[in-house]
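Pasting input_17.cif here (mmCIF, C-alpha atoms, pLDDT in the B column; chains and numbers go by the auth columns):
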```
data_target
loop_
_atom_site.group_PDB
_atom_site.id
_atom_site.type_symbol
_atom_site.label_atom_id
_atom_site.label_comp_id
_atom_site.label_asym_id
_atom_site.label_seq_id
_atom_site.Cartn_x
_atom_site.Cartn_y
_atom_site.Cartn_z
_atom_site.B_iso_or_equiv
_atom_site.auth_seq_id
_atom_site.auth_asym_id
ATOM 1 C CA VAL A 1 297.922 -31.733 -98.476 92.00 55 J
ATOM 2 C CA VAL A 2 297.216 -28.498 -96.640 91.00 56 J
ATOM 3 C CA GLU A 3 299.401 -26.597 -99.103 94.00 57 J
ATOM 4 C CA ALA A 4 297.714 -28.284 -102.081 94.00 58 J
ATOM 5 C CA VAL A 5 294.263 -27.297 -100.798 95.00 59 J
ATOM 6 C CA ARG A 6 295.444 -23.748 -100.174 93.00 60 J
ATOM 7 C CA SER A 7 296.963 -23.542 -103.673 94.00 61 J
ATOM 8 C CA PHE A 8 293.820 -24.939 -105.285 94.00 62 J
ATOM 9 C CA GLY A 9 291.700 -22.336 -103.579 94.00 63 J
ATOM 10 C CA ASP A 10 287.928 -22.177 -103.642 94.00 64 J
ATOM 11 C CA TRP A 11 287.434 -23.673 -107.102 97.00 65 J
ATOM 12 C CA PRO A 12 285.127 -26.640 -107.726 98.00 66 J
ATOM 13 C CA LEU A 13 287.021 -29.935 -107.938 98.00 67 J
ATOM 14 C CA ASP A 14 285.613 -32.419 -110.464 97.00 68 J
ATOM 15 C CA TYR A 15 288.147 -35.230 -110.006 98.00 69 J
ATOM 16 C CA LEU A 16 290.252 -36.038 -106.983 98.00 70 J
ATOM 17 C CA ILE A 17 292.641 -38.898 -107.722 98.00 71 J
ATOM 18 C CA ASN A 18 294.224 -40.389 -104.620 98.00 72 J
ATOM 19 C CA SER A 19 297.285 -42.482 -105.412 96.00 73 J
ATOM 20 C CA ALA A 20 299.369 -43.561 -102.447 91.00 74 J
ATOM 21 C CA ALA A 21 301.079 -46.803 -101.498 85.00 75 J
ATOM 22 C CA ALA A 22 304.113 -48.290 -99.832 80.00 76 J
ATOM 23 C CA GLY A 23 304.579 -51.909 -100.696 67.00 77 J
ATOM 24 C CA ASN A 24 307.881 -52.647 -102.390 58.00 78 J
ATOM 25 C CA GLY A 25 309.826 -55.052 -100.221 64.00 79 J
ATOM 26 C CA SER A 26 306.979 -55.734 -97.802 68.00 80 J
ATOM 27 C CA PRO A 27 308.179 -58.200 -95.187 73.00 81 J
ATOM 28 C CA LYS A 28 306.429 -61.525 -94.692 83.00 82 J
ATOM 29 C CA TRP A 29 303.633 -61.237 -92.145 85.00 83 J
ATOM 30 C CA ILE A 30 305.601 -63.135 -89.520 88.00 84 J
ATOM 31 C CA ASP A 31 308.542 -60.733 -89.856 87.00 85 J
ATOM 32 C CA ALA A 32 306.653 -57.433 -90.109 86.00 86 J
ATOM 33 C CA THR A 33 306.821 -55.092 -87.161 89.00 87 J
ATOM 34 C CA ALA A 34 303.822 -53.074 -86.030 92.00 88 J
ATOM 35 C CA ASP A 35 305.561 -49.918 -87.264 92.00 89 J
ATOM 36 C CA GLU A 36 306.132 -51.370 -90.762 88.00 90 J
ATOM 37 C CA PHE A 37 302.547 -52.551 -90.932 88.00 91 J
ATOM 38 C CA MET A 38 301.127 -49.239 -89.733 93.00 92 J
ATOM 39 C CA GLN A 39 303.347 -47.217 -92.092 93.00 93 J
ATOM 40 C CA ARG A 40 301.795 -48.968 -95.096 91.00 94 J
ATOM 41 C CA PHE A 41 298.325 -48.513 -93.616 93.00 95 J
ATOM 42 C CA ARG A 42 298.872 -44.790 -92.947 96.00 96 J
ATOM 43 C CA ILE A 43 300.182 -44.189 -96.448 96.00 97 J
ATOM 44 C CA GLY A 44 297.793 -46.437 -98.408 96.00 98 J
ATOM 45 C CA ALA A 45 294.525 -45.868 -96.533 97.00 99 J
ATOM 46 C CA VAL A 46 294.700 -42.971 -94.090 98.00 100 J
ATOM 47 C CA GLY A 47 296.507 -40.673 -96.556 98.00 101 J
ATOM 48 C CA PRO A 48 293.790 -40.870 -99.239 98.00 102 J
ATOM 49 C CA TYR A 49 291.088 -40.520 -96.564 98.00 103 J
ATOM 50 C CA LEU A 50 292.669 -37.334 -95.185 98.00 104 J
ATOM 51 C CA THR A 51 293.214 -35.951 -98.695 98.00 105 J
ATOM 52 C CA THR A 52 289.546 -36.532 -99.535 98.00 106 J
ATOM 53 C CA LYS A 53 288.522 -34.889 -96.277 98.00 107 J
ATOM 54 C CA ALA A 54 290.740 -31.878 -97.016 98.00 108 J
ATOM 55 C CA PHE A 55 289.290 -31.401 -100.526 98.00 109 J
ATOM 56 C CA TYR A 56 285.681 -32.071 -99.463 98.00 110 J
ATOM 57 C CA PRO A 57 284.629 -28.374 -99.683 98.00 111 J
ATOM 58 C CA GLN A 58 285.915 -28.142 -103.273 98.00 112 J
ATOM 59 C CA LEU A 59 284.291 -31.455 -104.237 98.00 113 J
ATOM 60 C CA LYS A 60 280.916 -30.211 -102.950 97.00 114 J
ATOM 61 C CA LYS A 61 281.157 -27.240 -105.321 97.00 115 J
ATOM 62 C CA SER A 62 281.470 -29.445 -108.416 97.00 116 J
ATOM 63 C CA GLU A 63 278.416 -30.384 -110.465 96.00 117 J
ATOM 64 C CA LYS A 64 279.698 -33.937 -110.981 95.00 118 J
ATOM 65 C CA PRO A 65 282.495 -34.720 -108.496 97.00 119 J
ATOM 66 C CA PHE A 66 284.413 -37.993 -108.469 97.00 120 J
ATOM 67 C CA VAL A 67 286.912 -39.358 -105.997 98.00 121 J
ATOM 68 C CA ILE A 68 289.101 -41.978 -107.650 98.00 122 J
ATOM 69 C CA ASN A 69 291.073 -44.041 -105.158 99.00 123 J
ATOM 70 C CA ILE A 70 293.917 -45.916 -106.824 97.00 124 J
ATOM 71 C CA SER A 71 293.592 -49.348 -105.286 97.00 125 J
ATOM 72 C CA SER A 72 294.873 -52.780 -106.272 94.00 126 J
ATOM 73 C CA ASN A 73 293.486 -56.184 -107.147 91.00 127 J
ATOM 74 C CA VAL A 74 295.266 -57.474 -104.047 89.00 128 J
ATOM 75 C CA GLY A 75 292.949 -55.319 -101.927 93.00 129 J
ATOM 76 C CA SER A 76 290.018 -57.505 -102.960 96.00 130 J
ATOM 77 C CA ILE A 77 288.843 -59.831 -100.209 93.00 131 J
ATOM 78 C CA SER A 78 286.657 -61.903 -102.519 93.00 132 J
ATOM 79 C CA GLU A 79 289.398 -62.427 -105.110 87.00 133 J
ATOM 80 C CA ASN A 80 292.346 -63.137 -102.804 82.00 134 J
ATOM 81 C CA GLY A 81 293.532 -66.469 -104.124 80.00 135 J
ATOM 82 C CA SER A 82 297.206 -66.214 -103.280 81.00 136 J
ATOM 83 C CA GLY A 83 297.735 -64.419 -99.985 78.00 137 J
ATOM 84 C CA GLY A 84 301.034 -62.721 -99.254 81.00 138 J
ATOM 85 C CA ASN A 85 302.093 -59.096 -98.949 82.00 139 J
ATOM 86 C CA LEU A 86 299.690 -58.700 -96.033 89.00 140 J
ATOM 87 C CA SER A 87 300.502 -55.134 -94.984 89.00 141 J
ATOM 88 C CA TYR A 88 300.063 -53.809 -98.535 89.00 142 J
ATOM 89 C CA ARG A 89 296.902 -55.894 -99.076 91.00 143 J
ATOM 90 C CA THR A 90 295.461 -54.630 -95.807 93.00 144 J
ATOM 91 C CA SER A 91 296.080 -50.998 -96.740 95.00 145 J
ATOM 92 C CA LYS A 92 294.319 -51.467 -100.100 96.00 146 J
ATOM 93 C CA ALA A 93 291.417 -53.414 -98.552 97.00 147 J
ATOM 94 C CA ALA A 94 291.018 -50.552 -96.069 98.00 148 J
ATOM 95 C CA LEU A 95 291.088 -48.056 -98.937 98.00 149 J
ATOM 96 C CA ASN A 96 288.324 -50.062 -100.605 98.00 150 J
ATOM 97 C CA ILE A 97 286.053 -49.897 -97.546 98.00 151 J
ATOM 98 C CA ILE A 98 286.771 -46.169 -97.264 98.00 152 J
ATOM 99 C CA THR A 99 285.683 -45.876 -100.915 98.00 153 J
ATOM 100 C CA VAL A 100 282.433 -47.775 -100.283 98.00 154 J
ATOM 101 C CA ASP A 101 281.628 -46.075 -97.004 98.00 155 J
ATOM 102 C CA LEU A 102 282.204 -42.525 -98.232 98.00 156 J
ATOM 103 C CA ALA A 103 280.212 -43.241 -101.402 97.00 157 J
ATOM 104 C CA ARG A 104 277.262 -44.228 -99.253 96.00 158 J
ATOM 105 C CA GLU A 105 277.685 -41.429 -96.708 96.00 159 J
ATOM 106 C CA LEU A 106 278.012 -38.759 -99.393 95.00 160 J
ATOM 107 C CA ALA A 107 275.492 -40.127 -101.901 92.00 161 J
ATOM 108 C CA ALA A 108 273.020 -37.344 -101.086 94.00 162 J
ATOM 109 C CA GLU A 109 275.717 -34.825 -101.985 94.00 163 J
ATOM 110 C CA LYS A 110 276.238 -36.572 -105.331 94.00 164 J
ATOM 111 C CA ILE A 111 279.953 -37.200 -104.746 96.00 165 J
ATOM 112 C CA SER A 112 280.860 -40.393 -106.590 97.00 166 J
ATOM 113 C CA PHE A 113 283.573 -42.805 -105.478 98.00 167 J
ATOM 114 C CA VAL A 114 285.488 -45.421 -107.448 98.00 168 J
ATOM 115 C CA ALA A 115 288.376 -47.691 -106.485 98.00 169 J
ATOM 116 C CA LEU A 116 290.528 -48.151 -109.587 98.00 170 J
ATOM 117 C CA SER A 117 293.219 -50.797 -109.942 95.00 171 J
ATOM 118 C CA PRO A 118 296.010 -50.203 -112.438 92.00 172 J
ATOM 119 C CA GLY A 119 296.784 -53.926 -112.361 86.00 173 J
ATOM 120 C CA TRP A 120 300.290 -55.294 -112.694 78.00 174 J
ATOM 121 C CA VAL A 121 302.407 -52.488 -114.139 81.00 175 J
ATOM 122 C CA GLN A 122 306.172 -52.244 -114.621 65.00 176 J
ATOM 123 C CA THR A 123 307.116 -49.892 -111.792 71.00 177 J
ATOM 124 C CA LYS A 124 309.652 -49.843 -108.992 67.00 178 J
ATOM 125 C CA MET A 125 306.965 -51.253 -106.710 69.00 179 J
ATOM 126 C CA SER A 126 306.644 -54.366 -108.919 63.00 180 J
ATOM 127 C CA ASN A 127 310.426 -54.675 -109.306 65.00 181 J
ATOM 128 C CA TRP A 128 309.996 -53.522 -112.906 73.00 182 J
ATOM 129 C CA THR A 129 307.985 -56.623 -113.836 76.00 183 J
ATOM 130 C CA GLY A 130 304.480 -56.882 -115.218 77.00 184 J
ATOM 131 C CA PRO A 131 302.753 -56.956 -118.577 77.00 185 J
ATOM 132 C CA ALA A 132 301.926 -53.235 -118.799 84.00 186 J
ATOM 133 C CA GLN A 133 304.124 -50.179 -119.224 86.00 187 J
ATOM 134 C CA PRO A 134 303.115 -47.115 -117.147 84.00 188 J
ATOM 135 C CA PRO A 135 302.018 -44.948 -120.131 89.00 189 J
ATOM 136 C CA GLU A 136 299.722 -47.727 -121.386 95.00 190 J
ATOM 137 C CA ALA A 137 298.234 -48.276 -117.920 93.00 191 J
ATOM 138 C CA VAL A 138 297.636 -44.553 -117.415 95.00 192 J
ATOM 139 C CA GLU A 139 295.970 -44.232 -120.819 97.00 193 J
ATOM 140 C CA GLU A 140 293.622 -47.109 -119.994 95.00 194 J
ATOM 141 C CA MET A 141 292.805 -45.664 -116.560 96.00 195 J
ATOM 142 C CA ILE A 142 291.989 -42.291 -118.125 97.00 196 J
ATOM 143 C CA LYS A 143 289.557 -44.018 -120.503 98.00 197 J
ATOM 144 C CA VAL A 144 287.861 -45.709 -117.549 97.00 198 J
ATOM 145 C CA ILE A 145 287.652 -42.425 -115.627 97.00 199 J
ATOM 146 C CA ASP A 146 286.300 -40.572 -118.674 96.00 200 J
ATOM 147 C CA GLY A 147 283.543 -43.171 -119.018 95.00 201 J
ATOM 148 C CA LEU A 148 282.348 -43.059 -115.414 94.00 202 J
ATOM 149 C CA GLU A 149 278.762 -42.213 -114.603 89.00 203 J
ATOM 150 C CA THR A 150 277.691 -40.945 -111.205 81.00 204 J
ATOM 151 C CA SER A 151 275.008 -43.616 -110.889 75.00 205 J
ATOM 152 C CA GLU A 152 277.656 -46.354 -110.985 72.00 206 J
ATOM 153 C CA THR A 153 279.279 -45.800 -107.632 83.00 207 J
ATOM 154 C CA PRO A 154 280.731 -47.208 -105.538 96.00 208 J
ATOM 155 C CA LYS A 155 282.613 -49.478 -107.917 96.00 209 J
ATOM 156 C CA PHE A 156 285.912 -51.320 -107.902 98.00 210 J
ATOM 157 C CA LEU A 157 287.279 -51.304 -111.451 98.00 211 J
ATOM 158 C CA HIS A 158 290.362 -52.581 -113.248 96.00 212 J
ATOM 159 C CA ARG A 159 292.161 -50.269 -115.675 96.00 213 J
ATOM 160 C CA LYS A 160 290.716 -52.378 -118.513 96.00 214 J
ATOM 161 C CA GLY A 161 287.228 -51.377 -117.338 96.00 215 J
ATOM 162 C CA HIS A 162 285.929 -54.614 -115.831 95.00 216 J
ATOM 163 C CA GLU A 163 284.608 -54.798 -112.303 96.00 217 J
ATOM 164 C CA ILE A 164 286.612 -56.405 -109.510 97.00 218 J
ATOM 165 C CA GLY A 165 284.876 -58.040 -106.558 96.00 219 J
ATOM 166 C CA TRP A 166 285.240 -56.198 -103.286 95.00 220 J
#
```
Please express what this file holds, its structure, as structure tokens.
Amino acid sequence: VVEAVRSFGDWPLDYLINSAAAGNGSPKWIDATADEFMQRFRIGAVGPYLTTKAFYPQLKKSEKPFVINISSNVGSISENGSGGNLSYRTSKAALNIITVDLARELAAEKISFVALSPGWVQTKMSNWTGPAQPPEAVEEMIKVIDGLETSETPKFLHRKGHEIGW
């Protein structure tokens, strides 16, 4: 991250997209060690937080800055109907509260925050299952990002554009 900030320089940053997760093969909650649990938390929540913090000076220079945190439907507390994959879910729920909290703390600076879920996509993390191919999911997420307004944040959105409950 330090090298990325140094390479980017002093330019204004309009969009920071934080995408980080470790979830493939998550052990059942009863079998997970503290180290396994914390690794997913550090990657999925602390990593995006530190990246946002590192790029904060460049975000402040933008006229319309957005921080897009790539989250997941499973990070929703209100829509958790199945349980399972606790360490991954916890990291994404933490990322969601980071999204909400920073949106509120930085509202006066007009930095907008959105949690964006790609949904179920055919990737290594999903064991190559899911209804969406990566190019399709990315195209839909770009459309959502392009349509964002600063007055709409914080929001938790699906790649199809609909809101997800926190």
- Result set, the PyMOL selection byres ((chain J and resi 68) around 10) on current file, as a ChimeraX atom specification: /J:65-67,69-71,112-121,165
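Closest approach to Leu140 in chain J among J:Ala169, J:Ile152, J:Ala157, J:Ala76: J:Ala76, based on only C-alpha atoms.
Minimum atom-to-atom distances from J:Ala74, J:His212, J:Ser166, J:Met195 to Gln93 in chain J were compared using only C-alpha atoms, and the lowest value belongs to J:Ala74.
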- J:Asn123, J:Ala58, J:Arg96, J:Thr153: which is nearest Ser73 in chain J, counting only C-alpha atoms? J:Asn123
- Task: Give as an MDAnalysis selection string the residues that the PyMOL selection byres ((chain J and resi 142) around 8) matches when applied to the coordinates above.
- Result: chainID J and resid 75:77 80 94:95 98 139:141 143:146
- Residue with smallest distance to Lys107 in chain J - pool J:Gln187, J:Ile199, J:Val59, J:Ala161, counting all atoms listed in the file: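 Checking each of J:Gln187, J:Ile199, J:Val59, J:Ala161 against Lys107 in chain J, counting all atoms listed in the file, the winner is J:Val59.
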